[in-house]
Amino acid sequence: MPGNCEKDLESMANTIRKDIIEMIAEARSGHPGGSLSSAEIVTALYFKVMKHDPSDPMMEDRDRFVLSKGHACPAVYAALAESGYFPREELFSLRKLGSRLQGHPDMHKTPGFEASTGSLGQGLSIASGMALSMKMDGKNNSIYCLMGDGELDEGQIWEAAMTASHYKLDNLCGIVDRNGLQIDGCTHDVKTLEPLAEKWKAFGWNVLEVDGHNVNELVSAMNRFRHTHYRPTVIIAHTVKGKGVSFMDNEAGWHGKAPNPEQTKTALDELSGRCSG
């Protein structure tokens with residue numbers, strides 16, 4: 001990928017982070033930690049990898065994206081707005097009465113969403129169903145599903161993993177936002193996931209591990225997925241919860257808490273490069 005394109009994607013990820021902070025601060029409610037950690041992932045998908053059209057959200061040959069960890073929807077709302085699915089100003093209606101942008105995504109209200117999610121563990125089943133349907137119809141659309149690592153505690157994830165492998169769904173790409181934290185603390189304290197890569201391999205998946213904040217690595221892995229045959233792919237993206245904001249960085253307490261006005265200013269200053277320290 002050309003250097004200027006990489007810089008463009010990095011800049012967009014930073015813009016998405018600022019959008020996340022601003023909309024959650026305005027709502028006084030939301031989930032900043034896991035939204036910030038997934039900024040590069042959604043940037044790579046929406047601005048480089050996926051086939052989609054903001055002017056025609058239901059385009060037949062579009063790729064599909066399922067946000068299994070629905071509470072991280074601010075990151076996707078920002079990507080959709082910056083892509084042109086709806087005006088950026090609408091971001092500030094997050095979680096407000098009558099808004100299309102609720103605390104968890106509603107596919108019937110928000111253009112660009114393929115599934116209503118929020119109950120953790122269900123997204124990979126939904127994505128597997130989409131992928132199987134595309135296979136049966138002889139279509140080449142790619143299906144992407146973003147999961148949280150704490151979400152992997154859910155048994156339904158592994159039922160879906162078995163199903164996808166059984167049906168050789170090579171049009172399905174799962175992405176794990178591996179930030180090591182969930183609402184109750186460190187994932188290794190709540191329920192140990194390791195050896196995570198080996199688990200996915202044992203379920204018959206092609207496993208790729210990347211730095212989830214490196215857009216080059218993410219795009220490369222997503223391209224490798226499209227050239228993998230007869231088995232689904234999972235990208236384990238190693239990230240930092242709260243990435244980009246010093247006081248949220250790697251802090252489980254920012255899983256589901258909005259910043260106050262002073263914290264919001266500090267966060268936006270940091271993301272805008274206006275802080276010296």
# chains A, B, ... in the order shown; residues from 1 in each chain; ligands from 1
>>> residues_around(residues="Cys173 of chain A", least_positions_apart="2", cutoff="9 Å", atoms="only C-alpha atoms", output="PyMOL selection string")
chain A and resi 127+142-146+169-171+175+222+225-226+232-235
>>> residues_around(residues="segment 107-117 of chain A", least_positions_apart="2", cutoff="12 Å", atoms="only C-alpha atoms", output="PyMOL selection string")
chain A and resi 46+51-59+62-73+76-81+83-87+90-91+94+98-105+119-127+129-130+143-147
>>> select_by_dssp(residues="segment 194-237 of chain A", states="alpha helix (DSSP H)", output="list in words")
Leu196, Ala197, Glu198, Lys199, Trp200, Lys201, Ala202, Val215, Asn216, Glu217, Leu218, Val219, Ser220, Ala221, Met222, Asn223, Arg224 and Phe225 of chain A
>>> write_last_selection(atoms="N, CA and C atoms", output="PDB file, in the first residue's frame")
ATOM      1  N   LEU A 196      -5.127 -18.819  22.395  1.00  0.00           N
ATOM      2  CA  LEU A 196      -6.239 -18.388  21.551  1.00  0.00           C
ATOM      3  C   LEU A 196      -6.049 -18.790  20.090  1.00  0.00           C
ATOM      4  N   ALA A 197      -4.876 -18.518  19.532  1.00  0.00           N
ATOM      5  CA  ALA A 197      -4.657 -18.870  18.125  1.00  0.00           C
ATOM      6  C   ALA A 197      -4.829 -20.367  17.898  1.00  0.00           C
ATOM      7  N   GLU A 198      -4.299 -21.150  18.821  1.00  0.00           N
ATOM      8  CA  GLU A 198      -4.396 -22.608  18.685  1.00  0.00           C
ATOM      9  C   GLU A 198      -5.836 -23.090  18.785  1.00  0.00           C
ATOM     10  N   LYS A 199      -6.640 -22.413  19.605  1.00  0.00           N
ATOM     11  CA  LYS A 199      -8.071 -22.782  19.689  1.00  0.00           C
ATOM     12  C   LYS A 199      -8.731 -22.624  18.328  1.00  0.00           C
ATOM     13  N   TRP A 200      -8.532 -21.471  17.697  1.00  0.00           N
ATOM     14  CA  TRP A 200      -9.156 -21.238  16.393  1.00  0.00           C
ATOM     15  C   TRP A 200      -8.630 -22.240  15.358  1.00  0.00           C
ATOM     16  N   LYS A 201      -7.339 -22.515  15.397  1.00  0.00           N
ATOM     17  CA  LYS A 201      -6.774 -23.497  14.462  1.00  0.00           C
ATOM     18  C   LYS A 201      -7.403 -24.868  14.668  1.00  0.00           C
ATOM     19  N   ALA A 202      -7.618 -25.236  15.943  1.00  0.00           N
ATOM     20  CA  ALA A 202      -8.225 -26.534  16.238  1.00  0.00           C
ATOM     21  C   ALA A 202      -9.652 -26.623  15.718  1.00  0.00           C
ATOM     22  N   VAL A 215      -2.411  -0.153  10.234  1.00  0.00           N
ATOM     23  CA  VAL A 215      -3.337  -0.314   9.116  1.00  0.00           C
ATOM     24  C   VAL A 215      -2.742  -1.162   7.997  1.00  0.00           C
ATOM     25  N   ASN A 216      -1.425  -1.069   7.793  1.00  0.00           N
ATOM     26  CA  ASN A 216      -0.784  -1.907   6.775  1.00  0.00           C
ATOM     27  C   ASN A 216      -0.975  -3.383   7.070  1.00  0.00           C
ATOM     28  N   GLU A 217      -0.733  -3.769   8.329  1.00  0.00           N
ATOM     29  CA  GLU A 217      -0.875  -5.172   8.715  1.00  0.00           C
ATOM     30  C   GLU A 217      -2.321  -5.634   8.608  1.00  0.00           C
ATOM     31  N   LEU A 218      -3.244  -4.778   9.004  1.00  0.00           N
ATOM     32  CA  LEU A 218      -4.660  -5.132   8.926  1.00  0.00           C
ATOM     33  C   LEU A 218      -5.100  -5.343   7.477  1.00  0.00           C
ATOM     34  N   VAL A 219      -4.765  -4.404   6.607  1.00  0.00           N
ATOM     35  CA  VAL A 219      -5.155  -4.514   5.203  1.00  0.00           C
ATOM     36  C   VAL A 219      -4.510  -5.737   4.560  1.00  0.00           C
ATOM     37  N   SER A 220      -3.240  -5.983   4.878  1.00  0.00           N
ATOM     38  CA  SER A 220      -2.552  -7.157   4.329  1.00  0.00           C
ATOM     39  C   SER A 220      -3.239  -8.447   4.758  1.00  0.00           C
ATOM     40  N   ALA A 221      -3.613  -8.526   6.045  1.00  0.00           N
ATOM     41  CA  ALA A 221      -4.290  -9.730   6.539  1.00  0.00           C
ATOM     42  C   ALA A 221      -5.645  -9.906   5.871  1.00  0.00           C
ATOM     43  N   MET A 222      -6.380  -8.816   5.690  1.00  0.00           N
ATOM     44  CA  MET A 222      -7.690  -8.890   5.042  1.00  0.00           C
ATOM     45  C   MET A 222      -7.551  -9.302   3.586  1.00  0.00           C
ATOM     46  N   ASN A 223      -6.470  -8.877   2.935  1.00  0.00           N
ATOM     47  CA  ASN A 223      -6.222  -9.322   1.560  1.00  0.00           C
ATOM     48  C   ASN A 223      -5.860 -10.801   1.515  1.00  0.00           C
ATOM     49  N   ARG A 224      -5.085 -11.273   2.491  1.00  0.00           N
ATOM     50  CA  ARG A 224      -4.733 -12.698   2.548  1.00  0.00           C
ATOM     51  C   ARG A 224      -5.980 -13.551   2.776  1.00  0.00           C
ATOM     52  N   PHE A 225      -6.912 -13.049   3.560  1.00  0.00           N
ATOM     53  CA  PHE A 225      -8.179 -13.760   3.771  1.00  0.00           C
ATOM     54  C   PHE A 225      -8.863 -14.047   2.437  1.00  0.00           C
TER      55      PHE A 225
END
>>> atom_distance(atom1="atom CA of Ala75 of chain A", atom2="atom CA of Met12 of chain A")
11.4 Å
>>> closest_residue(among="A:Arg274, A:Ser11, A:Gly118, A:Glu60", to="Asn141 of chain A", atoms="only C-alpha atoms")
A:Glu60
>>> atom_distance(atom1="atom CA of Leu268 of chain A", atom2="atom CA of Asp249 of chain A")
14.0 Å
>>> residues_around(residues="Glu209 of chain A", least_positions_apart="5", cutoff="8 Å", atoms="only C-alpha atoms", output="list of chain:residue names")
A:Ile235, A:Ile236, A:Ala237, A:His238
>>> residues_around(residues="Gly185 of chain A", least_positions_apart="2", cutoff="12 Å", atoms="only C-alpha atoms", output="NGL selection string")
:A and (149-150 or 179-183 or 187-192 or 241 or 250-255)
>>> select_by_dssp(residues="segment 109-237 of chain A", states="strand (DSSP E)", output="list in words")
Ile143, Tyr144, Cys145, Leu146, Met147, Gly148, Leu172, Cys173, Gly174, Ile175, Val176, Asp177, Arg178, Leu181, Gln182, Gly185, Cys186, Asn206, Val207, Leu208, Glu209, Val210, Asp211, Thr233, Val234, Ile235, Ile236 and Ala237 of chain A
>>> write_last_selection(atoms="C-alpha atoms", output="short mmCIF file (atom, residue, chain, number, x, y, z; two decimals), in the first residue's frame")
data_model
loop_
_atom_site.label_atom_id
_atom_site.label_comp_id
_atom_site.auth_asym_id
_atom_site.auth_seq_id
_atom_site.Cartn_x
_atom_site.Cartn_y
_atom_site.Cartn_z
CA ILE A 143 -18.52 -11.28 5.18
CA TYR A 144 -16.61 -9.68 8.07
CA CYS A 145 -17.45 -10.02 11.76
CA LEU A 146 -15.80 -8.01 14.55
CA MET A 147 -15.80 -9.66 17.97
CA GLY A 148 -14.52 -8.54 21.35
CA LEU A 172 -16.09 -15.40 6.16
CA CYS A 173 -13.51 -13.37 8.07
CA GLY A 174 -13.79 -13.05 11.83
CA ILE A 175 -11.78 -10.30 13.53
CA VAL A 176 -11.01 -10.40 17.25
CA ASP A 177 -10.33 -7.06 18.93
CA ARG A 178 -7.75 -8.54 21.30
CA LEU A 181 -9.78 -6.23 28.85
CA GLN A 182 -13.49 -6.65 29.38
CA GLY A 185 -11.18 -6.60 34.19
CA CYS A 186 -8.42 -8.51 32.42
CA ASN A 206 -7.02 -20.00 9.06
CA VAL A 207 -5.47 -17.79 11.77
CA LEU A 208 -3.64 -14.52 11.20
CA GLU A 209 -2.24 -12.35 14.01
CA VAL A 210 -1.53 -8.65 13.53
CA ASP A 211 -0.92 -5.38 15.31
CA THR A 233 -10.23 -16.90 8.44
CA VAL A 234 -9.89 -15.19 11.80
CA ILE A 235 -7.66 -12.17 12.31
CA ILE A 236 -6.51 -11.76 15.91
CA ALA A 237 -5.85 -8.03 16.09
#
>>> closest_residue(among="A:Lys96, A:His213, A:His166, A:Lys7", to="Gly244 of chain A", atoms="only C-alpha atoms")
A:His213
>>> atom_distance(atom1="atom CA of Gln156 of chain A", atom2="atom CA of His227 of chain A")
27.1 Å
>>> residues_around(residues="Gly30 of chain A", least_positions_apart="2", cutoff="6 Å", atoms="only C-alpha atoms", output="PDB file with N, CA and C atoms, in the first residue's frame")
ATOM      1  N   ILE A  24     -19.796  10.361  22.454  1.00  0.00           N
ATOM      2  CA  ILE A  24     -20.061   9.761  23.765  1.00  0.00           C
ATOM      3  C   ILE A  24     -20.137  10.844  24.837  1.00  0.00           C
ATOM      4  N   GLY A 256     -17.258   1.300  29.766  1.00  0.00           N
ATOM      5  CA  GLY A 256     -18.591   1.851  29.518  1.00  0.00           C
ATOM      6  C   GLY A 256     -18.872   3.103  30.324  1.00  0.00           C
ATOM      7  N   ALA A 258     -18.674   7.575  30.113  1.00  0.00           N
ATOM      8  CA  ALA A 258     -18.441   8.760  29.293  1.00  0.00           C
ATOM      9  C   ALA A 258     -17.495   9.725  29.995  1.00  0.00           C
TER      10      ALA A 258
END
>>> closest_residue(among="A:Cys5, A:Ile21, A:Val240, A:Ile16", to="Asn260 of chain A", atoms="only C-alpha atoms")
A:Ile21
